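Coordinates as given in coords_10.cif (mmCIF, C-alpha atoms and all ligand atoms):
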```
data_final
#
loop_
_atom_site.label_atom_id
_atom_site.label_comp_id
_atom_site.auth_asym_id
_atom_site.auth_seq_id
_atom_site.Cartn_x
_atom_site.Cartn_y
_atom_site.Cartn_z
CA MET A 1 -8.63 -7.27 -1.36
CA ALA A 2 -8.83 -7.61 2.43
CA ARG A 3 -11.70 -6.05 4.34
CA LEU A 4 -9.33 -4.04 6.53
CA THR A 5 -6.75 -1.50 5.40
CA LEU A 6 -4.08 -0.20 7.75
CA VAL A 7 -2.53 3.13 6.83
CA ILE A 8 0.97 3.41 8.26
CA GLY A 9 4.11 5.55 8.11
CA ASN A 10 7.64 4.58 7.05
CA LYS A 11 8.49 1.20 8.53
CA ASN A 12 11.94 2.38 9.55
CA TYR A 13 10.68 5.23 11.71
CA SER A 14 6.98 4.94 12.51
CA SER A 15 6.83 3.29 15.91
CA TRP A 16 3.08 3.83 16.40
CA SER A 17 2.38 2.21 13.05
CA LEU A 18 4.47 -0.83 13.99
CA ARG A 19 2.32 -1.48 17.07
CA ALA A 20 -0.97 -1.74 15.19
CA TRP A 21 0.61 -3.66 12.30
CA LEU A 22 2.20 -6.24 14.61
CA LEU A 23 -1.04 -6.89 16.44
CA LEU A 24 -2.94 -7.47 13.19
CA LYS A 25 -0.26 -9.92 12.08
CA HIS A 26 -0.30 -11.78 15.39
CA VAL A 27 -4.05 -12.19 15.64
CA GLY A 28 -4.10 -13.40 12.03
CA VAL A 29 -6.59 -10.89 10.60
CA ALA A 30 -5.95 -10.21 6.89
CA PHE A 31 -5.37 -6.57 5.95
CA ASP A 32 -4.04 -4.43 3.14
CA GLU A 33 -1.55 -1.71 3.96
CA ILE A 34 -0.89 1.75 2.62
CA VAL A 35 2.47 3.31 3.49
CA ILE A 36 2.72 7.11 3.70
CA ALA A 37 6.26 8.47 3.55
CA LEU A 38 6.61 10.84 6.52
CA ASP A 39 8.55 14.11 6.40
CA GLN A 40 7.92 14.66 2.66
CA PRO A 41 6.41 17.74 0.99
CA ASP A 42 3.09 15.92 0.41
CA THR A 43 2.94 14.04 3.75
CA ARG A 44 0.31 16.33 5.28
CA GLU A 45 -1.96 15.98 2.25
CA GLN A 46 -1.55 12.19 2.29
CA LEU A 47 -2.27 11.95 6.03
CA ASP A 48 -5.39 14.08 5.69
CA ARG A 49 -6.70 11.79 2.93
CA TYR A 50 -6.92 8.81 5.25
CA GLY A 51 -7.81 10.06 8.72
CA PRO A 52 -8.87 13.10 10.74
CA SER A 53 -5.95 13.30 13.20
CA GLY A 54 -3.20 13.98 10.66
CA ARG A 55 -1.33 10.99 12.06
CA VAL A 56 -0.77 7.32 11.39
CA PRO A 57 -1.69 4.58 12.02
CA VAL A 58 -5.31 4.65 10.83
CA LEU A 59 -7.40 1.53 10.31
CA HIS A 60 -10.18 1.48 7.71
CA ASP A 61 -12.90 -1.13 8.03
CA GLY A 62 -15.47 -0.18 5.39
CA GLU A 63 -16.87 3.16 6.50
CA VAL A 64 -15.31 2.85 9.95
CA ARG A 65 -12.13 4.84 10.56
CA VAL A 66 -10.09 4.10 13.69
CA TRP A 67 -7.05 6.24 14.44
CA ASP A 68 -4.53 6.02 17.26
CA SER A 69 -2.55 2.83 17.84
CA LEU A 70 -4.22 1.79 21.09
CA ALA A 71 -7.74 2.38 19.77
CA ILE A 72 -6.85 0.27 16.73
CA CYS A 73 -5.51 -2.51 18.96
CA GLU A 74 -8.76 -2.44 20.97
CA TYR A 75 -10.82 -2.59 17.76
CA VAL A 76 -8.78 -5.52 16.42
CA ALA A 77 -9.12 -7.30 19.79
CA GLU A 78 -12.91 -6.95 19.55
CA LEU A 79 -12.94 -8.19 15.95
CA SER A 80 -10.70 -11.18 16.55
CA GLY A 81 -11.33 -12.08 20.18
CA LYS A 82 -7.54 -12.05 20.63
CA GLY A 83 -5.09 -9.48 21.97
CA TRP A 84 -5.76 -9.31 25.71
CA PRO A 85 -5.12 -12.04 28.31
CA GLN A 86 -8.20 -14.10 29.28
CA ALA A 87 -7.91 -13.70 33.07
CA ARG A 88 -9.31 -10.40 34.31
CA ALA A 89 -6.38 -9.55 36.61
CA ALA A 90 -3.84 -10.28 33.86
CA ARG A 91 -5.94 -8.30 31.39
CA ALA A 92 -6.02 -5.32 33.77
CA LEU A 93 -2.25 -5.43 34.13
CA ALA A 94 -1.78 -5.77 30.36
CA ARG A 95 -3.99 -2.73 29.85
CA ALA A 96 -2.11 -0.77 32.51
CA VAL A 97 1.34 -1.42 31.06
CA SER A 98 0.07 -0.77 27.51
CA ALA A 99 -1.48 2.53 28.59
CA GLU A 100 1.70 3.44 30.47
CA MET A 101 3.65 2.98 27.23
CA HIS A 102 1.09 4.80 25.14
CA SER A 103 0.98 7.87 27.37
CA GLY A 104 4.48 7.93 28.83
CA PHE A 105 8.21 7.39 28.40
CA THR A 106 8.44 10.72 26.62
CA THR A 107 12.18 11.12 27.32
CA LEU A 108 12.97 7.74 25.85
CA ARG A 109 10.78 8.44 22.85
CA SER A 110 12.38 11.80 22.13
CA LEU A 111 16.06 10.97 22.88
CA TRP A 112 16.01 7.52 21.29
CA PRO A 113 13.70 7.74 18.27
CA MET A 114 12.88 4.46 16.57
CA ASN A 115 15.28 3.86 13.69
CA ALA A 116 14.77 0.18 12.95
CA ARG A 117 17.76 -0.35 10.68
CA ALA A 118 20.31 1.60 12.75
CA ARG A 119 22.79 -0.18 15.05
CA ASN A 120 25.50 0.92 17.49
CA ARG A 121 24.15 4.43 17.94
CA HIS A 122 25.31 6.27 21.05
CA SER A 123 23.77 9.23 22.82
CA ALA A 124 24.30 10.79 26.24
CA VAL A 125 22.21 8.96 28.84
CA THR A 126 20.43 11.49 31.03
CA ALA A 127 18.89 10.71 34.43
CA ALA A 128 15.40 10.96 32.92
CA LEU A 129 16.31 8.55 30.13
CA GLU A 130 17.82 6.14 32.64
CA ALA A 131 14.61 6.32 34.69
CA ASP A 132 12.51 5.42 31.63
CA VAL A 133 14.78 2.47 30.80
CA GLU A 134 14.69 1.25 34.41
CA ARG A 135 10.90 1.44 34.59
CA ILE A 136 10.53 -0.53 31.36
CA ASP A 137 13.01 -3.13 32.62
CA GLN A 138 10.93 -3.39 35.81
CA ILE A 139 7.69 -3.86 33.84
CA TRP A 140 9.20 -6.61 31.69
CA ASN A 141 10.63 -8.36 34.77
CA ASP A 142 7.35 -8.13 36.62
CA CYS A 143 5.35 -9.57 33.70
CA ARG A 144 7.85 -12.32 32.97
CA SER A 145 8.05 -13.35 36.63
CA ARG A 146 4.26 -13.79 36.68
CA PHE A 147 3.49 -15.19 33.23
CA ALA A 148 6.59 -16.98 31.89
CA ALA A 149 4.90 -20.39 32.29
CA GLY A 150 2.40 -19.45 29.53
CA GLY A 151 4.95 -18.67 26.80
CA PRO A 152 7.72 -16.24 25.81
CA TRP A 153 5.67 -13.02 25.78
CA LEU A 154 4.96 -10.52 28.54
CA PHE A 155 1.69 -12.26 29.44
CA GLY A 156 2.70 -15.71 28.20
CA GLU A 157 0.75 -15.62 24.95
CA TYR A 158 1.20 -12.68 22.57
CA SER A 159 -0.83 -9.64 23.63
CA ILE A 160 -1.29 -5.97 22.85
CA ALA A 161 1.33 -5.26 25.52
CA ASP A 162 3.98 -6.97 23.37
CA ALA A 163 2.93 -4.91 20.35
CA MET A 164 3.11 -1.73 22.45
CA TYR A 165 6.66 -2.48 23.66
CA ALA A 166 8.07 -3.80 20.34
CA PRO A 167 9.36 -0.35 19.24
CA VAL A 168 11.07 -0.02 22.63
CA VAL A 169 12.91 -3.26 21.93
CA LEU A 170 14.10 -1.78 18.63
CA ARG A 171 15.23 1.39 20.39
CA PHE A 172 17.13 -0.58 23.05
CA ASN A 173 18.74 -2.56 20.22
CA THR A 174 19.79 0.57 18.32
CA TYR A 175 21.15 2.58 21.25
CA GLY A 176 22.46 -0.29 23.42
CA ALA A 177 20.39 0.11 26.59
CA GLY A 178 21.88 -1.35 29.78
CA ILE A 179 19.19 -3.76 30.97
CA SER A 180 18.75 -6.88 33.09
CA GLN A 181 19.20 -10.44 31.89
CA THR A 182 15.45 -11.09 31.89
CA ALA A 183 14.89 -7.97 29.80
CA ARG A 184 17.60 -9.07 27.38
CA TRP A 185 15.94 -12.47 27.11
CA TYR A 186 12.59 -10.86 26.37
CA MET A 187 14.23 -8.60 23.77
CA ALA A 188 15.69 -11.65 22.03
CA SER A 189 12.20 -13.22 21.78
CA VAL A 190 10.82 -10.03 20.27
CA LEU A 191 13.69 -9.68 17.78
CA GLU A 192 13.25 -13.30 16.62
CA ASP A 193 9.53 -12.83 16.00
CA GLY A 194 8.65 -13.60 12.36
CA ALA A 195 6.22 -10.69 12.03
CA LEU A 196 8.78 -8.21 13.35
CA GLN A 197 11.40 -9.68 11.02
CA GLU A 198 9.05 -9.09 8.08
CA TRP A 199 8.66 -5.44 9.13
CA LEU A 200 12.43 -5.02 9.54
CA GLN A 201 13.15 -6.44 6.10
CA ALA A 202 10.77 -3.94 4.55
CA ALA A 203 12.28 -1.10 6.64
CA LYS A 204 15.74 -2.00 5.38
CA HIS A 205 14.65 -1.46 1.78
CA GLU A 206 12.83 1.83 2.22
CA PRO A 207 14.44 4.70 0.29
CA TRP A 208 13.60 7.49 2.76
CA THR A 209 15.74 9.02 5.51
CA ILE A 210 14.38 11.32 8.21
CA ALA A 211 17.31 13.42 9.45
CA ALA A 212 15.70 14.28 12.81
CA ASP A 213 15.44 10.58 13.67
CA GLU A 214 19.04 9.78 12.75
CA VAL A 215 20.38 10.19 16.28
CA GLY A 216 23.71 9.01 17.71
N1 LIG B 301 -1.01 8.67 19.78
C1 LIG B 301 -0.89 8.35 18.38
C2 LIG B 301 0.43 8.89 17.86
C3 LIG B 301 0.55 8.74 16.35
C4 LIG B 301 1.75 9.47 15.78
O1 LIG B 301 2.31 10.41 16.41
N2 LIG B 301 2.15 9.06 14.59
C5 LIG B 301 3.26 9.72 13.89
C6 LIG B 301 4.11 8.69 13.15
S1 LIG B 301 4.82 7.48 14.23
C7 LIG B 301 2.67 10.63 12.82
O2 LIG B 301 1.68 10.31 12.22
N3 LIG B 301 3.32 11.77 12.58
C8 LIG B 301 2.87 12.66 11.56
C9 LIG B 301 3.98 13.26 10.79
O3 LIG B 301 5.14 12.82 10.98
O4 LIG B 301 3.71 14.13 9.97
C10 LIG B 301 -0.99 6.82 18.22
O5 LIG B 301 -0.88 6.11 19.22
O6 LIG B 301 -1.27 6.35 17.11
#
```

Can you turn what I pasted into structure tokens?
Amino acid sequence: MARLTLVIGNKNYSSWSLRAWLLLKHVGVAFDEIVIALDQPDTREQLDRYGPSGRVPVLHDGEVRVWDSLAICEYVAELSGKGWPQARAARALARAVSAEMHSGFTTLRSLWPMNARARNRHSAVTAALEADVERIDQIWNDCRSRFAAGGPWLFGEYSIADAMYAPVVLRFNTYGAGISQTARWYMASVLEDGALQEWLQAAKHEPWTIAADEVG
């Protein structure tokens, strides 16, 4: 049994769970996982068993409970010494774009819910949705133009920022976002990632469907 346990939601739909899970995989810290099926009659009871916020993800490390994806990423970064860029200016930018994802892009998140196994979905593109897509494209271009020399990720090496934007890549893939060439290149790197592939395989075999997230 691993020291850490990550409690997550359905892999097909739970975008916040994916972020914490991907970071743990990338930093190479062993963990057990517990999957709670969302949108079921006993979901509330299950969520309340593992954390105080009634949401997933939640990380258990002995007596310590950490909820909220970004707080979990910070905790894992402290445990492992990995997750944020080394240089202070790059680290500040990585934190800024991660926080921007965590607290924003509400139109994108509501109109294009994560549905990992769905392809070729179409929905009306509103001005607000277009603005979210454009801002994300700009962030990816900015990061890649500064850090491409260090590797294929937003800050060269894999960081929390990549984990935070991974569900966006899945959304863009499902709903066919119109994005720049650099953004498409970054998306391809994310989609080829072995850890993400492992998640997607598991999502494909889940038995549950959440009607509200079957959009387009
Ligand atoms: N800000 C939180 C959001 C967590 C969240 O909203 N999780 C969703 C699943 S992706 C959840 O637990 N929903 C509860 C439910 O569907 O009953 C985070 O970053 O972890």

Determine, for each residue of chain A having at least one atom at most 8 Å from an atom of ligand LIG 301 (chain B), the closest pair of atoms and their separation in Å to one decimal, counting all atoms listed in the file; order by chain and ascending number, as JSON lines.
```
{"residue": "A:Ile8", "atom": "CA", "partner": "B:LIG301", "partner_atom": "C6", "distance": 7.9}
{"residue": "A:Gly9", "atom": "CA", "partner": "B:LIG301", "partner_atom": "C6", "distance": 5.9}
{"residue": "A:Tyr13", "atom": "CA", "partner": "B:LIG301", "partner_atom": "S1", "distance": 6.8}
{"residue": "A:Ser14", "atom": "CA", "partner": "B:LIG301", "partner_atom": "S1", "distance": 3.8}
{"residue": "A:Ser15", "atom": "CA", "partner": "B:LIG301", "partner_atom": "S1", "distance": 4.9}
{"residue": "A:Trp16", "atom": "CA", "partner": "B:LIG301", "partner_atom": "S1", "distance": 4.6}
{"residue": "A:Ser17", "atom": "CA", "partner": "B:LIG301", "partner_atom": "S1", "distance": 5.9}
{"residue": "A:Leu38", "atom": "CA", "partner": "B:LIG301", "partner_atom": "O3", "distance": 5.1}
{"residue": "A:Asp39", "atom": "CA", "partner": "B:LIG301", "partner_atom": "O3", "distance": 5.9}
{"residue": "A:Thr43", "atom": "CA", "partner": "B:LIG301", "partner_atom": "O4", "distance": 6.3}
{"residue": "A:Arg44", "atom": "CA", "partner": "B:LIG301", "partner_atom": "O4", "distance": 6.2}
{"residue": "A:Leu47", "atom": "CA", "partner": "B:LIG301", "partner_atom": "O4", "distance": 7.5}
{"residue": "A:Gly54", "atom": "CA", "partner": "B:LIG301", "partner_atom": "C8", "distance": 6.3}
{"residue": "A:Arg55", "atom": "CA", "partner": "B:LIG301", "partner_atom": "O2", "distance": 3.1}
{"residue": "A:Val56", "atom": "CA", "partner": "B:LIG301", "partner_atom": "O2", "distance": 4.0}
{"residue": "A:Pro57", "atom": "CA", "partner": "B:LIG301", "partner_atom": "O6", "distance": 5.4}
{"residue": "A:Val58", "atom": "CA", "partner": "B:LIG301", "partner_atom": "O6", "distance": 7.7}
{"residue": "A:Trp67", "atom": "CA", "partner": "B:LIG301", "partner_atom": "O6", "distance": 6.4}
{"residue": "A:Asp68", "atom": "CA", "partner": "B:LIG301", "partner_atom": "O6", "distance": 3.3}
{"residue": "A:Ser69", "atom": "CA", "partner": "B:LIG301", "partner_atom": "O6", "distance": 3.8}
{"residue": "A:Leu70", "atom": "CA", "partner": "B:LIG301", "partner_atom": "O5", "distance": 5.8}
{"residue": "A:Ala71", "atom": "CA", "partner": "B:LIG301", "partner_atom": "O5", "distance": 7.8}
{"residue": "A:His102", "atom": "CA", "partner": "B:LIG301", "partner_atom": "O5", "distance": 6.4}
{"residue": "A:Ser103", "atom": "CA", "partner": "B:LIG301", "partner_atom": "N1", "distance": 7.9}
```

Problem set entry | Pick from A:Ala89, A:Val35, A:Ile160, A:Ala128, whichever lies nearest to A:Arg19 using all atoms listed in the file | A:Ile160

Problem set entry | Residue contacts of A:Tyr158 (10 Å, all atoms listed in the file) excluding same-chain residues fewer than 6 positions away, as a list in words |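 Residues near the query, excluding close chain neighbours: Leu23, His26, Val27, Lys82, Gly83, Trp84, Pro85, Gly150, Gly151 and Pro152 of chain A.
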
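Going from atom CA of A:His60 to atom CA of A:Ala77 covers 15.0 Å.
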
Problem set entry | Residues near stretch 193-206 of chain A, cut-off 7 Å, only C-alpha atoms, skip fewer than 4 positions along chain, as a PyMOL selection string | chain A and resi 11-12+22+25+116-117+189

Exercise. From the set A:Leu6, A:Val169, A:Ala148, A:Gln46, which residue has the shortest atom-to-atom contact distance to A:Asp32, counting all atoms listed in the file?
Worked result: A:Leu6

Exercise. Quick one, how far is atom CA of A:Val76 from atom CA of A:Val64?
Worked result: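 If I compute the distance from atom CA of A:Val76 to atom CA of A:Val64, I get 12.4 Å.
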
Exercise. Pick the closest to A:Ala2 from A:Asp61, A:Ser80, A:Ser53, A:Gln40: which is it, counting only C-alpha atoms?
Worked result: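 Among A:Asp61, A:Ser80, A:Ser53, A:Gln40, it is A:Asp61 that comes nearest to A:Ala2.
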
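One distance worth recording is that between atom CA of A:Ala94 and atom CA of A:Glu134, which is 18.4 Å.
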
Problem set entry | Residue among A:Tyr186, A:Trp112, A:Trp140, A:Phe31 lying closest to A:Val97, counting only C-alpha atoms |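 Closest residue, counting only C-alpha atoms: A:Trp140.
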
Exercise. Smallest atom-to-atom distance to A:Glu63: which of A:Ser110, A:Asn10, A:Thr5, A:Ala90, using only C-alpha atoms?
Worked result: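 Result for the nearest residue to A:Glu63: A:Thr5.
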
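Near A:Phe172, within 9 Å and counting all atoms listed in the file, sit Trp112, Val133, Pro167, Val168, Gly176, Ala177, Gly178, Ile179 and Met187 of chain A, not including residues fewer than 4 positions from it in the same chain.
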
Export C-alpha atoms of the chosen residues as a CSV table (one decimal), in the coordinates of the input?
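Wrote part_16.csv, looks like this:
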```
chain,number,residue,atom,x,y,z
A,112,TRP,CA,16.0,7.5,21.3
A,133,VAL,CA,14.8,2.5,30.8
A,167,PRO,CA,9.4,-0.4,19.2
A,168,VAL,CA,11.1,0.0,22.6
A,176,GLY,CA,22.5,-0.3,23.4
A,177,ALA,CA,20.4,0.1,26.6
A,178,GLY,CA,21.9,-1.4,29.8
A,179,ILE,CA,19.2,-3.8,31.0
A,187,MET,CA,14.2,-8.6,23.8
```

Exercise. A:Ala127, A:Met1, A:Leu191, A:Met164: which is nearest A:Ala96, counting only C-alpha atoms?
Worked result: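 Closest candidate: A:Met164.
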